[in-house]
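**Q** Before I ask anything, here is the structure I am working with.
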Amino acid sequence: MRAAVIRKIGEEKVEILDNVGIADTGPGQVRIRIKATGVCHSDLSVTNGTIPQATPCVLGHEGAGEIVEVGEGVTDLQAGDHAIVCWNPPCGKCVACLNGHPNVCTAVSMTQGYMPRFEVDGMPAFGGMGCGTFAEEAVIPVQAAVKIPQDVPFDVASLIGCGVMTGVGAVINTAKVKAGSSVVVFGCGGVGIATIQGARLAGAAEIVAIDPVESKRELAQKFGATHAFAPDEIFEAIGAVTGGVGFDYAFEAVGLPSTIRGAYDAVCRGGTAVIVGAGKSDQKVEFNAFELFFMEKKLMGSFYGSADVRVDFAKMIRLWRAGRLDLESMITQRLGLDGINQAFDDMKAGRVVRTLIEL
Ligand SMILES: NC(=O)c1ccc[n+]([C@@H]2O[C@H](COP(=O)([O-])OP(=O)(O)OC[C@H]3O[C@@H](n4cnc5c(N)ncnc54)[C@H](O)[C@@H]3O)[C@@H](O)[C@H]2O)c1
Ligand SMILES: [Zn+2]
Ligand SMILES: [Zn+2]
């Protein structure tokens, strides 16, 4: 079958191969025919080593499709069901799951989820972030296939699998933004735009979009940003929108030390900075030992929107149905599997919110 592959970390271009093999559907697994998959910045970060990944690997983790086969012992799903692929599926039994943090469960993702389930030139190949949605089919653990109603279009469903859940979840689950708050969002890609939509949903009074790309700033305002500024205008933004006090909440959706520090600096004393962007493990962010207690700012990480995908994917669908989340307009480009390299180039240049790959 066709799939987008990298053979090792740091390769310039993704290869689109026609002869990629796929594993048999084992016990507790399902085989899914991928219909649509978004291109998330984390896919790019897998190729350059920012996000650790075993290779060779079929990229892609933001997908949706139709179940074509279920393995032994699978009773919750059957062939013909539609599902969103989840890149960090909860086992439902571990301490993290039972303590209300199913998004950081590692029981499935670190074992079954990271076994090679593809084959490239006779070599076992892994699925990117445990998935591998840049392929016609993928075999995934049953917990990684979250059933959805048949009438939800695959394009909308796929975005919920990462960017939308991550951005909206950061606002409503991680930060629990209060109505009437002031919010600033650094980065207006798919995750940032979803964050802006989440802030609108939560009733934020002011939502400021920060992005170096002018077209992104304009677009952000269509999704609910009340103001938009370039990164070097951040002090102007704090002055104009908060009277110099700082924002109640800042969301960082870029993944750079400068924007992480910038998010911390942009919130008021007692405010909350939420880090969503995925940076490199060798990049450091500095805080002084005085400001951390004195400013009483809350610095929070947000992983997969602090979501319980078993209920929160459905919540995203219901919000989309109710017209409270605009997911169609987040897709600014549609390509086939051959378009992966173009999608990455466009993402690096800040030309797209989300490229959707249709299979
Ligand atoms: N925490 C999680 O669970 C999670 C999940 C998905 C994605 N991510 C991460 O979130 C980040 C965003 O993902 P995306 O798909 O939206 O990426 P993207 O490339 O589509 O968007 C990033 C945006 O940041 C902008 N940007 C660049 N430099 C900036 C700066 N100095 N200040 C403000 N904006 C700047 C770019 O112009 C672009 O619009 C990535 O790091 C991704 O890996 C994290
Ligand atoms: Zn668990
Ligand atoms: Zn992602």
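By convention here, the chains of the structure tokens are called A, B, ... in the order presented, each chain's residues are numbered starting at 1, and ligands are numbered starting at 1 in the order presented.
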For ligand 3, return the neighbouring residues as a list in words (distance at most 6 Å; only C-alpha atoms and all ligand atoms).
**A**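 Counting only what the definition allows, namely only C-alpha atoms and all ligand atoms, the set is Cys40, Ser42, Glu62, Cys162 and Gly163 of chain A.
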**Q** Residues as selected, C-alpha atoms, written as a tab-separated table (two decimals), in the first residue's frame, can you do that?
**A**
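Result file follows (out_23.tsv):
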chain	number	residue	atom	x	y	z
A	40	CYS	CA	0.40	18.68	12.36
A	42	SER	CA	4.49	17.41	15.43
A	62	GLU	CA	-3.98	13.20	13.13
A	162	CYS	CA	-4.77	16.09	17.44
A	163	GLY	CA	-4.80	19.84	16.77
**Q** Which residues, written as a ChimeraX atom specification, have at least one atom at most 9 Å from Ser109 in chain A, with only C-alpha atoms counted and residues fewer than 3 positions away on the same chain left out?
**A** /A:87-91,105-106,112-114,129-130,141,144
**Q** With a distance cut-off of 10 Å and only C-alpha atoms, select the neighbouring residues of Gly38 in chain A, excluding the residue or stretch itself and same-chain residues fewer than 4 positions from it, and output the selection as a list in words.
**A** Asp43, Gly60, His61, Glu62, Gly63, Ala64, Thr133, Phe134, Asp155, Val156, Ala157, Ser158, Leu159, Ile160, Gly161, Cys162, Gly163, Gly190, Ile331, Gln333, Arg334, Ala343, Arg354, Thr355, Leu356, Ile357 and Glu358 of chain A
**Q** At a cut-off of 6 Å and counting only C-alpha atoms and all ligand atoms, what residues surround ligand 2? Please answer as a list in words.
**A**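 After applying the 6 Å limit, what remains is Pro90, Cys91, Gly92, Lys93, Cys94, Ala96, Cys97, Pro102, Cys105 and Ala107 of chain A.
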**Q** DSSP on the backbone, strand (DSSP E) only: what residues of range 53-293 of chain A does that give? Format it as a PyMOL selection string.
**A** chain A and resi 57-58+62-70+82-85+118-120+123-127+137-141+145-148+182-186+206-210+227-229+247-252+267-275
**Q** So which residues are near ligand 1, meaning at most 8 Å away with only C-alpha atoms and all ligand atoms counted, given back as a count of residues only?
**A** 52
**Q** Neighbouring residues of Ile340 in chain A were defined as those with any atom within 8 Å, considering only C-alpha atoms; residues of the same chain fewer than 2 positions away were excluded. Please report them as a list in words.
**A**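 Skipping anything fewer than 2 positions along the chain leaves Ala4, Val14, Val39, Leu335, Gly336, Leu337, Asp338, Gln342, Ala343, Phe344 and Ile357 of chain A.
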**Q** Taking N, CA and C atoms for each residue, export the selection above as a tab-separated table (two decimals), in the first residue's frame.
**A**
chain	number	residue	atom	x	y	z
A	4	ALA	N	3.63	7.42	3.47
A	4	ALA	CA	4.71	8.42	3.52
A	4	ALA	C	5.69	8.02	4.61
A	14	VAL	N	10.40	13.46	2.70
A	14	VAL	CA	9.62	12.26	3.01
A	14	VAL	C	9.45	11.48	1.71
A	39	VAL	N	-2.00	17.45	8.68
A	39	VAL	CA	-0.56	17.53	8.86
A	39	VAL	C	-0.30	18.49	10.01
A	335	LEU	N	-4.68	18.16	-0.08
A	335	LEU	CA	-3.75	17.50	-1.00
A	335	LEU	C	-3.90	15.99	-0.90
A	336	GLY	N	-3.29	15.28	-1.85
A	336	GLY	CA	-3.19	13.83	-1.75
A	336	GLY	C	-1.93	13.47	-0.99
A	337	LEU	N	-1.70	12.17	-0.83
A	337	LEU	CA	-0.52	11.71	-0.08
A	337	LEU	C	0.79	12.23	-0.68
A	338	ASP	N	0.81	12.43	-2.01
A	338	ASP	CA	2.00	12.97	-2.68
A	338	ASP	C	2.35	14.37	-2.20
A	342	GLN	N	5.15	19.12	0.21
A	342	GLN	CA	4.64	20.48	0.01
A	342	GLN	C	3.97	21.00	1.29
A	343	ALA	N	3.22	20.10	1.93
A	343	ALA	CA	2.54	20.49	3.17
A	343	ALA	C	3.56	20.93	4.23
A	344	PHE	N	4.67	20.21	4.33
A	344	PHE	CA	5.71	20.58	5.29
A	344	PHE	C	6.34	21.92	4.92
A	357	ILE	N	-4.71	15.87	4.19
A	357	ILE	CA	-4.35	14.86	3.20
A	357	ILE	C	-5.54	13.91	3.06
**Q** When you count only C-alpha atoms, which of these residues is closest to Pro52 in chain A: A:Met300, A:Ala289, A:Ile9, A:Val274?
**A**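 Of A:Met300, A:Ala289, A:Ile9, A:Val274, the one nearest Pro52 in chain A, counting only C-alpha atoms, is A:Ile9.
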**Q** To one decimal place, how far is CA of Ile16 in chain A from CA of Leu359 in chain A in Å?
**A**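 Separation between CA of Ile16 in chain A and CA of Leu359 in chain A: 12.8 Å.
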**Q** With a distance cut-off of 8 Å and only C-alpha atoms, select the neighbouring residues of range 292-296 of chain A, excluding the residue or stretch itself and same-chain residues fewer than 4 positions from it, and output the selection as JSON, numbers by chain.
**A** {"A": [269, 270, 271, 287, 288]}
**Q** Could you write out that same residue set with C-alpha atoms as a PDB file, in the first residue's frame?
**A**
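Contents of result.pdb, freshly written:
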ATOM      1  CA  ARG A 269       0.702  38.468  38.565  1.00  0.00           C
ATOM      2  CA  GLY A 270      -1.383  35.454  39.541  1.00  0.00           C
ATOM      3  CA  GLY A 271      -2.086  34.664  35.876  1.00  0.00           C
ATOM      4  CA  PHE A 287      13.317  31.607  35.167  1.00  0.00           C
ATOM      5  CA  ASN A 288      14.783  33.373  38.144  1.00  0.00           C
TER       6      ASN A 288
END
**Q** When distances are computed from only C-alpha atoms, which of A:Asp345, A:Asp308, A:Glu233, A:Glu328 shows the smallest separation from Asn99 in chain A?
**A** A:Asp308
**Q** Do you know which residues are at most 7 Å from Ser182 in chain A counting only C-alpha atoms, after dropping those on the same chain fewer than 3 positions away, and could you put them as JSON, numbers by chain?
**A** {"A": [204, 205, 206, 207, 247, 248, 249]}
**Q** Just N, CA and C atoms for this one: save the residues we selected as a short mmCIF file (atom, residue, chain, number, x, y, z; two decimals), in the first residue's frame.
**A**
data_model
loop_
_atom_site.label_atom_id
_atom_site.label_comp_id
_atom_site.auth_asym_id
_atom_site.auth_seq_id
_atom_site.Cartn_x
_atom_site.Cartn_y
_atom_site.Cartn_z
N ALA A 204 -13.91 34.13 26.85
CA ALA A 204 -12.87 35.14 27.08
C ALA A 204 -13.32 36.48 26.51
N ALA A 205 -13.03 37.55 27.23
CA ALA A 205 -13.47 38.88 26.77
C ALA A 205 -12.52 39.38 25.68
N GLU A 206 -11.23 39.23 25.90
CA GLU A 206 -10.25 39.64 24.90
C GLU A 206 -9.40 38.42 24.52
N ILE A 207 -9.21 38.24 23.24
CA ILE A 207 -8.38 37.14 22.74
C ILE A 207 -7.38 37.73 21.76
N PHE A 247 -1.96 39.61 30.79
CA PHE A 247 -3.16 38.81 30.49
C PHE A 247 -3.47 37.83 31.62
N ASP A 248 -4.73 37.45 31.74
CA ASP A 248 -5.10 36.41 32.71
C ASP A 248 -4.49 35.06 32.31
N TYR A 249 -4.52 34.79 31.00
CA TYR A 249 -3.99 33.52 30.49
C TYR A 249 -3.15 33.75 29.24
#
**Q** Quick check, in Å to one decimal: how far apart do CA of Ala228 in chain A and CA of Ser329 in chain A lie?
**A**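 Taking CA of Ala228 in chain A and CA of Ser329 in chain A, their separation equals 18.5 Å.
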**Q** What lies within 12 Å of Ala199 in chain A using only C-alpha atoms, ignoring chain neighbours under 6 positions off, as a PyMOL selection string?
**A** chain A and resi 167-173+175-185+192-193+205-209+220+223-226+248-251+324-325
**Q** Between CA of Ser306 in chain A and CA of Gln150 in chain A, what is the distance in Å, rounded to a tenth?
**A**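 We find that CA of Ser306 in chain A and CA of Gln150 in chain A lie 25.9 Å from each other.
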**Q** DSSP on the backbone: what in range 76-297 of chain A comes out helix (DSSP H, G or I), as a PyMOL selection string?
**A** chain A and resi 95-98+102-104+112-114+128-130+142-144+154-175+190-201+214-222+231-242+257-266+291-294
**Q** Which of these, A:Ala125, A:Leu77, A:Arg261, A:Arg117, has the shortest distance to Ala273 in chain A once you count only C-alpha atoms?
**A**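 Selected residue with least distance to Ala273 in chain A: A:Arg261.
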**Q** Have a look at A:Ala3, A:Ile67, A:Ala194, A:Val108 and name the one nearest to Asn19 in chain A; count only C-alpha atoms.
**A**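 Using only C-alpha atoms, the shortest distance to Asn19 in chain A belongs to A:Ala3.
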**Q** Could you check the closest approach to Thr242 in chain A for each of A:Pro149, A:Val95, A:Cys268, A:Val139 and tell me which residue wins, using only C-alpha atoms?
**A**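 Nearest to Thr242 in chain A: A:Cys268.
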